[in-house]
Structure formats: C-alpha cells, structure tokens
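Peer 1: Have a look at this one before I ask anything.
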Amino acid sequence: MREIEASAITQAVAQLCQQANFELGDDVLAALKQAEQTEESPLGREVLSQLLENARIAKQERVPLCQDCGTAVVFLDIGQETHIIGGDLYPAVAEGVRQGYTQGYLRKCIVSRPFSARINTRDNTPPVIHTEIVPGDQVKITVMPKGGGAENMSRLAMFKPGDGRQGVINFVVRTIDEAGGNPCPPLTIGLGIGATSEKAMLLAKKALLRQVAKPNPDPEIAELEKEVLSRVNNLGIGPMGFGGRTTALAVHAEIMPTHIASLPVAVNLQCHNARHKEITL
C-alpha cells in the first residue's frame, strides 16, 4: 500500500488550475493552426489567428486564456493500492482549487443558492469531482476548467433504439446548429452514447479529455465521429460564430452498453480553449 499525502494533492490541484487556465495543450494549438491553414473564410482565418495570438499572450504573461475561468471539474483516477494520509481526499482537492484560483488571480465563477440568491463563494469552490478506482498505486489528477458558455449548450436525449445511428447524428448536428456561436467555436464535441442518462453525460464530458482529433480506436465509432464532424462543419457557423468551415476541431465519442429499451445520447461541448491539465502522483 502506497501512501500519498493529502497536501501533495492540494498542491497538485492548485498548480493544475493555473496551468489549465494559462496554457493550451500542444494538441489544441496544432489543431487551431491546421484550421487556420484550411479555413476558407477570410474572417474565419482572422479569428483563428487572433485565438492563436491570445494563447501566446496568455502563456507568456500568465493571464487567463478567457475571462470565464470556469467550474473546476476534477477527475481522479485513484489506484486501489493507494492510501491518502494527512487529510481527507475531497477537502484536499477543494483546498487546491481554492489556492489555485486565489493565487492565480482567476475569476471566481461559482455561486451558491443557484436558483435564488446566487451568492458567489469567492474561491471557486466547491469543485465538481469525478472519481474512478483503477489498478495500481498512483493517483492521476485531471483538472478541466469548464466555461459556462459551452457547458450551457450541453444536451441529453433518451432515444428509442429504433432511432439508431442516424438519430444520433441528427441530434448532435441539431444541437450544434441551435447553439450557434454561444459555445465559442471552433469546438471539441464530446459524445456519450449508451449506459444510462447520468453515465452518458459523464462519458461525453470525459471524451473531451482525449487528445484533440485523435479518433476512437473502434472503427465504427471513428466513422461516426468523422461523419458528425463533416456535417457540423458544413453548418457554416465558423470560428466564434462569424462564418466558415471550422465550427468544430474534433468529435470525440465514447460508448457503453445500454438497456434493450434505451439509447441515451449526451452532448458536451468544449470551446476553442479546450482547457485541461493532468498530473500523476
């Protein structure tokens, strides 16, 4: 049994909160640069150029990529041979978010009493934490700051099995069409298909963590991703909604077996700032 100090988790989360808000991943930057080369719309190319310049300034000056520093969504893959000592796990994560957002001068986006007083918690806590127990003696921590504009465009549909593949595609394309420029394209589109309603939503969000434009290893799913991406980019919404062929950079789909009477389909969108960072302790 390997012991990991709760304080180490707090320190790691604090660092990841800042890194994710200041630095785009190499995969995202490469996808944006490729889109700049292939985008047909002059205005769309200019928008993509400005997004790349924004990313350069954010990293160099350690300022947020976006004024919306997001909900701190934290994924924990906890090895079953680990033991957290010196404190409790979830409070340690929350303290990391508190320190990261305070020390990094990141905008505090979380409000309590969500349907009434909406009082800012002033430290961006509580985070949203998803935990999975995995083999081994390590803890992998992934922090995804999730902006409101993209998250507000999330959708869930519970289809009949007979709606099938085409029903899934039509739903996703309709969701993006209705979202327009609100989620700040070019997007990464996360799809969760199967399982139950709540699990499909989690699958869609976790799909956003995949390397941008890396297809699903299952050929059938990869073909679905390819077709959805083509249809979405034919909508003409374009970068930041100003028109063009680059409405999405990638479609990432994850599936699970489901009930004989169900076909859950979840859509979770990430804006052009596909922010997430990870570390393994």
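Labels used: A, B, ... for chains in the order of the structure tokens, numbers from 1 for residues in each chain, and numbers from 1 for ligands as shown.
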Can you list every residue in region 55-102 of chain A that DSSP puts in helix (DSSP H, G or I), as a PyMOL selection string?
Peer 2: chain A and resi 55-61+89-102
Peer 1: Leaving out Glu3 (chain A) and any residue of its chain fewer than 2 positions from it, which residues lie within 12 Å of it when counting only C-alpha atoms, given as number ranges by chain?
Peer 2: A: 1, 5-9, 78-87, 137-139, 281
Peer 1: Could you give me, as CSV, a per-residue list for region 111-138 of chain A showing, wherever an atom lies at most 8 Å from an atom of region 92-100 of chain A, the closest pair of atoms and their distance in Å to one decimal, using only C-alpha atoms and sorting by chain then residue number from low to high?
Peer 2:
```
residue,atom,partner,partner_atom,distance
A:Asp123,CA,A:Arg98,CA,5.1
A:Asn124,CA,A:Arg98,CA,6.4
A:Thr125,CA,A:Ala94,CA,6.3
A:Pro126,CA,A:Ala94,CA,6.1
A:Pro127,CA,A:Ala94,CA,6.1
```
Peer 1: Given the selection you just returned, output its residues as a file containing N, CA and C atoms, formatted as a PDB file, in the first residue's frame.
Peer 2:
```
ATOM      1  N   ASP A 123     -14.168  31.710  -3.924  1.00  0.00           N
ATOM      2  CA  ASP A 123     -12.919  30.966  -4.086  1.00  0.00           C
ATOM      3  C   ASP A 123     -13.046  29.855  -5.132  1.00  0.00           C
ATOM      4  N   ASN A 124     -14.141  29.898  -5.894  1.00  0.00           N
ATOM      5  CA  ASN A 124     -14.431  28.940  -6.961  1.00  0.00           C
ATOM      6  C   ASN A 124     -14.681  27.513  -6.467  1.00  0.00           C
ATOM      7  N   THR A 125     -14.913  27.362  -5.190  1.00  0.00           N
ATOM      8  CA  THR A 125     -15.310  26.063  -4.663  1.00  0.00           C
ATOM      9  C   THR A 125     -16.824  26.062  -4.460  1.00  0.00           C
ATOM     10  N   PRO A 126     -17.431  24.893  -4.408  1.00  0.00           N
ATOM     11  CA  PRO A 126     -16.824  23.571  -4.474  1.00  0.00           C
ATOM     12  C   PRO A 126     -16.533  23.153  -5.916  1.00  0.00           C
ATOM     13  N   PRO A 127     -15.480  22.333  -6.102  1.00  0.00           N
ATOM     14  CA  PRO A 127     -15.248  21.754  -7.420  1.00  0.00           C
ATOM     15  C   PRO A 127     -16.240  20.636  -7.695  1.00  0.00           C
TER      16      PRO A 127
END
```
Peer 1: Write out as JSON lines a residue-level contact list of region 98-192 of chain A versus region 41-62 of chain A with cut-off 12 Å: for each qualifying residue the closest pair of atoms and the distance in Å to one decimal, counting only C-alpha atoms, rows sorted by chain and residue number upward.
Peer 2:
```
{"residue": "A:Gln103", "atom": "CA", "partner": "A:Arg62", "partner_atom": "CA", "distance": 11.8}
{"residue": "A:Gly104", "atom": "CA", "partner": "A:Arg62", "partner_atom": "CA", "distance": 8.5}
{"residue": "A:Tyr105", "atom": "CA", "partner": "A:Arg62", "partner_atom": "CA", "distance": 10.0}
{"residue": "A:Leu106", "atom": "CA", "partner": "A:Arg62", "partner_atom": "CA", "distance": 10.5}
{"residue": "A:Cys184", "atom": "CA", "partner": "A:Leu51", "partner_atom": "CA", "distance": 10.8}
{"residue": "A:Pro185", "atom": "CA", "partner": "A:Leu48", "partner_atom": "CA", "distance": 9.9}
{"residue": "A:Pro186", "atom": "CA", "partner": "A:Leu48", "partner_atom": "CA", "distance": 8.7}
```
Peer 1: Find the spatial neighbours of region 209-212 of chain A, counting only C-alpha atoms, within a cut-off of 12 Å - ignore same-chain residues fewer than 3 positions away - and output them as a ChimeraX atom specification.
Peer 2: /A:24-32,34,73-75,141-146,186-191,202-206,215-217,248-254,268-270,272-278
Peer 1: Please produce an output containing C-alpha atoms for each residue in the selection, written as a PDB file, in the first residue's frame.
Peer 2:
```
ATOM      1  CA  LEU A  24      -3.362  25.473 -24.143  1.00  0.00           C
ATOM      2  CA  GLY A  25      -2.177  21.957 -24.882  1.00  0.00           C
ATOM      3  CA  ASP A  26       0.072  21.294 -27.869  1.00  0.00           C
ATOM      4  CA  ASP A  27      -2.691  19.208 -29.478  1.00  0.00           C
ATOM      5  CA  VAL A  28      -5.154  22.109 -29.308  1.00  0.00           C
ATOM      6  CA  LEU A  29      -2.617  24.578 -30.696  1.00  0.00           C
ATOM      7  CA  ALA A  30      -1.791  22.209 -33.553  1.00  0.00           C
ATOM      8  CA  ALA A  31      -5.482  21.806 -34.392  1.00  0.00           C
ATOM      9  CA  LEU A  32      -6.041  25.571 -34.390  1.00  0.00           C
ATOM     10  CA  GLN A  34      -4.208  23.476 -39.034  1.00  0.00           C
ATOM     11  CA  VAL A  73     -14.076  19.905 -12.871  1.00  0.00           C
ATOM     12  CA  VAL A  74     -11.623  17.420 -11.360  1.00  0.00           C
ATOM     13  CA  PHE A  75     -11.199  13.812 -12.492  1.00  0.00           C
ATOM     14  CA  ILE A 141      -5.463  14.130 -11.332  1.00  0.00           C
ATOM     15  CA  THR A 142      -7.002  15.977 -14.273  1.00  0.00           C
ATOM     16  CA  VAL A 143      -8.380  19.491 -13.924  1.00  0.00           C
ATOM     17  CA  MET A 144     -10.777  20.822 -16.555  1.00  0.00           C
ATOM     18  CA  PRO A 145     -11.950  24.430 -16.111  1.00  0.00           C
ATOM     19  CA  LYS A 146     -15.375  24.294 -17.782  1.00  0.00           C
ATOM     20  CA  PRO A 186     -14.296  26.024 -33.000  1.00  0.00           C
ATOM     21  CA  LEU A 187     -15.496  23.310 -30.668  1.00  0.00           C
ATOM     22  CA  THR A 188     -14.425  19.981 -29.373  1.00  0.00           C
ATOM     23  CA  ILE A 189     -17.616  17.905 -29.272  1.00  0.00           C
ATOM     24  CA  GLY A 190     -17.883  15.220 -26.627  1.00  0.00           C
ATOM     25  CA  LEU A 191     -20.476  12.475 -27.196  1.00  0.00           C
ATOM     26  CA  LEU A 202     -20.179  11.720 -17.853  1.00  0.00           C
ATOM     27  CA  LEU A 203     -18.936   9.810 -20.906  1.00  0.00           C
ATOM     28  CA  ALA A 204     -19.484  12.926 -23.034  1.00  0.00           C
ATOM     29  CA  LYS A 205     -17.506  15.099 -20.635  1.00  0.00           C
ATOM     30  CA  LYS A 206     -14.647  12.613 -20.267  1.00  0.00           C
ATOM     31  CA  PRO A 215     -10.129   9.124 -33.340  1.00  0.00           C
ATOM     32  CA  ASN A 216     -11.734   6.419 -31.260  1.00  0.00           C
ATOM     33  CA  PRO A 217      -9.834   3.139 -31.765  1.00  0.00           C
ATOM     34  CA  ALA A 248     -15.542  22.105 -34.725  1.00  0.00           C
ATOM     35  CA  LEU A 249     -11.995  20.856 -34.444  1.00  0.00           C
ATOM     36  CA  ALA A 250     -12.944  17.340 -33.425  1.00  0.00           C
ATOM     37  CA  VAL A 251     -15.704  14.968 -32.377  1.00  0.00           C
ATOM     38  CA  HIS A 252     -14.862  12.514 -29.599  1.00  0.00           C
ATOM     39  CA  ALA A 253     -17.406   9.769 -28.909  1.00  0.00           C
ATOM     40  CA  GLU A 254     -17.400   7.211 -26.103  1.00  0.00           C
ATOM     41  CA  ASN A 268     -20.989  18.098 -24.031  1.00  0.00           C
ATOM     42  CA  LEU A 269     -19.161  20.930 -25.768  1.00  0.00           C
ATOM     43  CA  GLN A 270     -15.780  22.487 -25.143  1.00  0.00           C
ATOM     44  CA  HIS A 272     -11.844  26.687 -28.644  1.00  0.00           C
ATOM     45  CA  ASN A 273      -9.963  26.880 -25.338  1.00  0.00           C
ATOM     46  CA  ALA A 274     -10.029  23.126 -24.745  1.00  0.00           C
ATOM     47  CA  ARG A 275      -8.534  23.582 -21.285  1.00  0.00           C
ATOM     48  CA  HIS A 276      -7.342  20.674 -19.170  1.00  0.00           C
ATOM     49  CA  LYS A 277      -4.121  19.616 -17.479  1.00  0.00           C
ATOM     50  CA  GLU A 278      -3.155  16.439 -15.674  1.00  0.00           C
TER      51      GLU A 278
END
```
Peer 1: In Å, rounded to a single decimal, give me how far CA of Met153 (chain A) is from CA of Thr121 (chain A).
Peer 2: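 Separation of CA of Thr121 (chain A) and CA of Met153 (chain A): 23.8 Å.
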Peer 1: What lies within 12 Å of Arg155 (chain A) using only C-alpha atoms, ignoring chain neighbours under 4 positions off, as a PyMOL selection string?
Peer 2: chain A and resi 150-151+171-176+178-179+189-192+197-198+200-202+204-205+264-269
Peer 1: Write out the residues from the selection above, keeping C-alpha atoms, as a compact mmCIF listing (two decimals), in the first residue's frame.
Peer 2:
```txt
# COMPACT_ATOMS: atom_id res chain seq x y z
CA ALA A 150 -20.05 25.88 -23.70
CA GLU A 151 -21.47 24.00 -20.71
CA PHE A 171 -29.44 15.11 -32.74
CA VAL A 172 -25.82 16.18 -32.45
CA VAL A 173 -25.94 18.32 -35.59
CA ARG A 174 -29.19 19.96 -34.46
CA THR A 175 -27.64 20.68 -31.05
CA ILE A 176 -24.67 22.47 -32.62
CA GLU A 178 -29.08 25.64 -32.27
CA ALA A 179 -26.04 26.57 -30.17
CA ILE A 189 -17.62 17.90 -29.27
CA GLY A 190 -17.88 15.22 -26.63
CA LEU A 191 -20.48 12.48 -27.20
CA GLY A 192 -21.60 9.88 -24.69
CA SER A 197 -28.73 9.10 -18.62
CA GLU A 198 -26.23 10.23 -15.99
CA ALA A 200 -23.90 9.14 -20.83
CA MET A 201 -23.39 12.72 -19.65
CA LEU A 202 -20.18 11.72 -17.85
CA ALA A 204 -19.48 12.93 -23.03
CA LYS A 205 -17.51 15.10 -20.63
CA PRO A 264 -29.15 7.61 -24.29
CA VAL A 265 -27.17 10.25 -26.20
CA ALA A 266 -25.33 13.08 -24.45
CA VAL A 267 -23.55 16.08 -25.97
CA ASN A 268 -20.99 18.10 -24.03
CA LEU A 269 -19.16 20.93 -25.77
```
